[in-house]
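For reference, work-v2.pdb is printed below; it contains PDB, C-alpha atoms.
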```pdb
ATOM      1  CA  MET Q  35      91.222 130.492  81.924
ATOM      2  CA  SER Q  36      90.626 127.828  84.543
ATOM      3  CA  ASN Q  37      91.667 128.547  88.138
ATOM      4  CA  ASP Q  38      92.564 124.981  89.075
ATOM      5  CA  PRO Q  39      93.060 122.595  86.184
ATOM      6  CA  THR Q  40      93.198 118.895  86.906
ATOM      7  CA  PRO Q  41      96.544 118.219  88.600
ATOM      8  CA  PRO Q  42      98.979 116.672  86.142
ATOM      9  CA  THR Q  43     100.100 113.113  86.390
ATOM     10  CA  THR Q  44     102.947 111.960  84.168
ATOM     11  CA  GLY Q  45     105.296 108.999  84.270
ATOM     12  CA  TYR Q  46     107.628 111.003  86.512
ATOM     13  CA  LEU Q  47     105.331 113.348  88.398
ATOM     14  CA  ARG Q  48     102.134 113.402  90.386
ATOM     15  CA  VAL Q  49     100.828 116.759  91.636
ATOM     16  CA  ARG Q  50      98.327 116.986  94.459
ATOM     17  CA  THR Q  51      97.369 119.188  97.396
ATOM     18  CA  ASP Q  52      97.874 118.310 101.026
ATOM     19  CA  ARG Q  53      97.220 120.624 103.989
ATOM     20  CA  GLY Q  54      97.479 123.794 101.925
ATOM     21  CA  HIS Q  55     100.677 122.744 100.131
ATOM     22  CA  THR Q  56     101.125 121.669  96.540
ATOM     23  CA  VAL Q  57     102.969 118.347  96.656
ATOM     24  CA  LEU Q  58     105.077 117.424  93.631
ATOM     25  CA  GLU Q  59     105.721 113.705  94.007
ATOM     26  CA  LEU Q  60     108.546 112.617  91.692
ATOM     27  CA  HIS Q  61     108.805 108.989  90.536
ATOM     28  CA  GLY Q  62     111.379 106.732  88.917
ATOM     29  CA  GLU Q  63     114.610 107.949  87.369
ATOM     30  CA  ILE Q  64     114.999 111.709  87.412
ATOM     31  CA  ASP Q  65     117.409 112.388  84.563
ATOM     32  CA  ILE Q  66     117.433 114.807  81.608
ATOM     33  CA  ALA Q  67     114.483 113.086  79.896
ATOM     34  CA  ALA Q  68     112.411 113.250  83.075
ATOM     35  CA  ALA Q  69     113.431 116.865  83.710
ATOM     36  CA  VAL Q  70     112.181 117.952  80.285
ATOM     37  CA  GLU Q  71     108.785 116.449  81.106
ATOM     38  CA  ILE Q  72     108.681 117.830  84.670
ATOM     39  CA  ILE Q  73     109.799 121.456  84.066
ATOM     40  CA  PRO Q  74     106.504 122.818  82.639
ATOM     41  CA  HIS Q  75     104.563 121.430  85.618
ATOM     42  CA  LEU Q  76     107.225 122.570  88.092
ATOM     43  CA  ASP Q  77     107.197 126.079  86.612
ATOM     44  CA  ALA Q  78     103.392 126.267  86.738
ATOM     45  CA  VAL Q  79     103.400 125.448  90.455
ATOM     46  CA  THR Q  80     106.448 127.511  91.443
ATOM     47  CA  GLY Q  81     105.368 130.521  89.385
ATOM     48  CA  ARG Q  82     102.514 131.334  91.739
ATOM     49  CA  ARG Q  83     102.902 134.112  94.311
ATOM     50  CA  ASP Q  84     103.239 132.787  97.874
ATOM     51  CA  ALA Q  85     103.273 129.158  96.698
ATOM     52  CA  ARG Q  86     103.635 126.542  99.421
ATOM     53  CA  VAL Q  87     105.360 123.620  97.724
ATOM     54  CA  VAL Q  88     106.698 120.255  98.855
ATOM     55  CA  ILE Q  89     108.870 118.190  96.526
ATOM     56  CA  ASP Q  90     108.653 114.543  97.514
ATOM     57  CA  LEU Q  91     111.568 112.372  96.344
ATOM     58  CA  ARG Q  92     110.652 109.204  98.279
ATOM     59  CA  HIS Q  93     109.671 107.356  95.087
ATOM     60  CA  VAL Q  94     112.804 108.291  93.126
ATOM     61  CA  ALA Q  95     115.168 105.457  92.205
ATOM     62  CA  PHE Q  96     117.815 107.565  90.439
ATOM     63  CA  PHE Q  97     118.600 111.270  90.736
ATOM     64  CA  ASP Q  98     121.308 113.006  88.680
ATOM     65  CA  CYS Q  99     122.387 116.608  88.071
ATOM     66  CA  SER Q 100     119.197 117.221  86.087
ATOM     67  CA  GLY Q 101     117.256 116.527  89.265
ATOM     68  CA  LEU Q 102     119.490 118.899  91.222
ATOM     69  CA  ARG Q 103     118.806 121.615  88.641
ATOM     70  CA  LEU Q 104     115.068 121.037  89.104
ATOM     71  CA  LEU Q 105     115.414 121.538  92.861
ATOM     72  CA  TYR Q 106     117.546 124.677  92.509
ATOM     73  CA  ARG Q 107     115.118 126.056  89.908
ATOM     74  CA  ALA Q 108     112.083 125.340  92.102
ATOM     75  CA  ARG Q 109     113.744 126.848  95.180
ATOM     76  CA  GLN Q 110     114.726 130.058  93.403
ATOM     77  CA  ARG Q 111     111.323 130.514  91.744
ATOM     78  CA  VAL Q 112     109.437 129.950  95.009
ATOM     79  CA  LEU Q 113     111.693 132.257  97.057
ATOM     80  CA  ASP Q 114     111.510 134.992  94.381
ATOM     81  CA  ARG Q 115     107.709 134.980  94.756
ATOM     82  CA  GLY Q 116     107.551 134.974  98.552
ATOM     83  CA  GLY Q 117     106.641 131.309  98.894
ATOM     84  CA  GLU Q 118     108.119 128.361 100.714
ATOM     85  CA  LEU Q 119     109.615 125.116  99.464
ATOM     86  CA  ARG Q 120     110.124 121.942 101.443
ATOM     87  CA  LEU Q 121     111.738 118.655 100.488
ATOM     88  CA  VAL Q 122     111.093 115.023 101.425
ATOM     89  CA  CYS Q 123     113.879 112.522 100.759
ATOM     90  CA  THR Q 124     114.879 109.176 102.263
ATOM     91  CA  HIS Q 125     117.015 107.508  99.568
ATOM     92  CA  PRO Q 126     120.627 107.256 100.851
ATOM     93  CA  LEU Q 127     122.311 108.043  97.510
ATOM     94  CA  THR Q 128     120.045 111.015  96.811
ATOM     95  CA  LEU Q 129     120.612 112.310 100.348
ATOM     96  CA  ARG Q 130     124.353 111.990  99.755
ATOM     97  CA  VAL Q 131     124.137 113.985  96.501
ATOM     98  CA  LEU Q 132     122.119 116.688  98.288
ATOM     99  CA  LYS Q 133     124.713 116.841 101.072
ATOM    100  CA  VAL Q 134     127.792 116.840  98.813
ATOM    101  CA  THR Q 135     126.393 119.627  96.635
ATOM    102  CA  GLY Q 136     125.352 121.714  99.643
ATOM    103  CA  LEU Q 137     121.701 121.694  98.621
ATOM    104  CA  SER Q 138     120.707 119.960 101.868
ATOM    105  CA  ARG Q 139     121.784 123.119 103.745
ATOM    106  CA  LEU Q 140     119.560 125.312 101.559
ATOM    107  CA  LEU Q 141     116.687 122.834 101.401
ATOM    108  CA  PRO Q 142     116.849 120.503 104.414
ATOM    109  CA  PRO Q 143     115.251 117.148 103.539
ATOM    110  CA  ALA Q 144     112.534 115.777 105.808
ATOM    111  CA  PRO Q 145     112.142 111.987 106.204
ATOM    112  CA  THR Q 146     108.343 111.977 105.717
ATOM    113  CA  LEU Q 147     105.657 114.098 104.112
ATOM    114  CA  ASP Q 148     104.128 114.724 107.545
ATOM    115  CA  ALA Q 149     107.467 116.004 108.843
ATOM    116  CA  ALA Q 150     107.865 118.311 105.831
ATOM    117  CA  LEU Q 151     104.380 119.728 106.245
ATOM    118  CA  GLU Q 152     104.941 120.336 109.961
ATOM    119  CA  GLN Q 153     108.463 121.806 109.802
ATOM    120  CA  PRO Q 154     108.980 125.540 110.170
ATOM    121  CA  GLU Q 155     109.648 127.468 106.987
ATOM    122  CA  ALA Q 156     113.231 127.069 105.715
ATOM    123  CA  THR Q 157     115.247 130.241 105.404
ATOM    124  CA  SER Q 158     117.232 131.323 102.391
ATOM    125  CA  HIS Q 159     120.528 131.474 104.297
ATOM    126  CA  THR Q 160     123.498 129.938 102.522
TER
END
```
Same coordinates, now as structure tokens:
Amino acid sequence: MSNDPTPPTTGYLRVRTDRGHTVLELHGEIDIAAAVEIIPHLDAVTGRRDARVVIDLRHVAFFDCSGLRLLYRARQRVLDRGGELRLVCTHPLTLRVLKVTGLSRLLPPAPTLDAALEQPEATSHT
């Protein structure tokens, strides 16, 4: 069993490390087809104890309820294992979806990757 396999890159996802965090950079249209491809990689990263994860949505053109489910899933898995999850998002429509669904309160979006990496850990308050 390899400790650190080559980070996956798919049509919708690039995984890399930055300042001690695993950055999941999502790309394109995040719908049900994208979610099916992303989930195994998301689960691998969020299944680690004390994971420090950033989900970067800056390169997402479309984000539907499948994308919201990915974020909720990632958040729950990371919190259950004592880790931290941060979010980067700048797209106005995606920000609106996050706000309307209340997810922006649970997972406050940062405007840049630097801001997400520097922000204090988000709490699990609802």
task = Report as a ChimeraX atom specification the full result of the PyMOL selection byres ((chain Q and resi 47) around 8) when it is applied to this structure.
result = /Q:42-46,48-49,58-61,72
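Using all atoms listed in the file, the smallest distance between any of Q:Leu127, Q:Leu76, Q:Val134, Q:Ala144 and Arg111 in chain Q comes from Q:Leu76.
Minimum atom-to-atom distances from Q:His75, Q:Arg86, Q:Arg120, Q:Arg115 to Gly54 in chain Q were compared using all atoms listed in the file, and the lowest value belongs to Q:Arg86.
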request  = Could you tell me which residues the PyMOL selection byres ((chain Q and resi 84) around 12) grabs in this file, written as number ranges by chain?
outcome  = Q: 54-56, 79-83, 85-87, 111-119
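Put simply, CA of Glu63 in chain Q is 14.4 Å away from CA of Arg103 in chain Q.
Distance-wise, CA of His93 in chain Q and CA of Leu137 in chain Q end up 19.0 Å apart.
With distances taken over all atoms listed in the file, Q:Leu102 is the one residue among Q:Val122, Q:Leu102, Q:Val88, Q:Leu151 lying closest to Gly136 in chain Q.
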request  = Between CA of Val57 in chain Q and CA of Thr135 in chain Q, measure the distance and give it in Å to one decimal.
outcome  = 23.5 Å
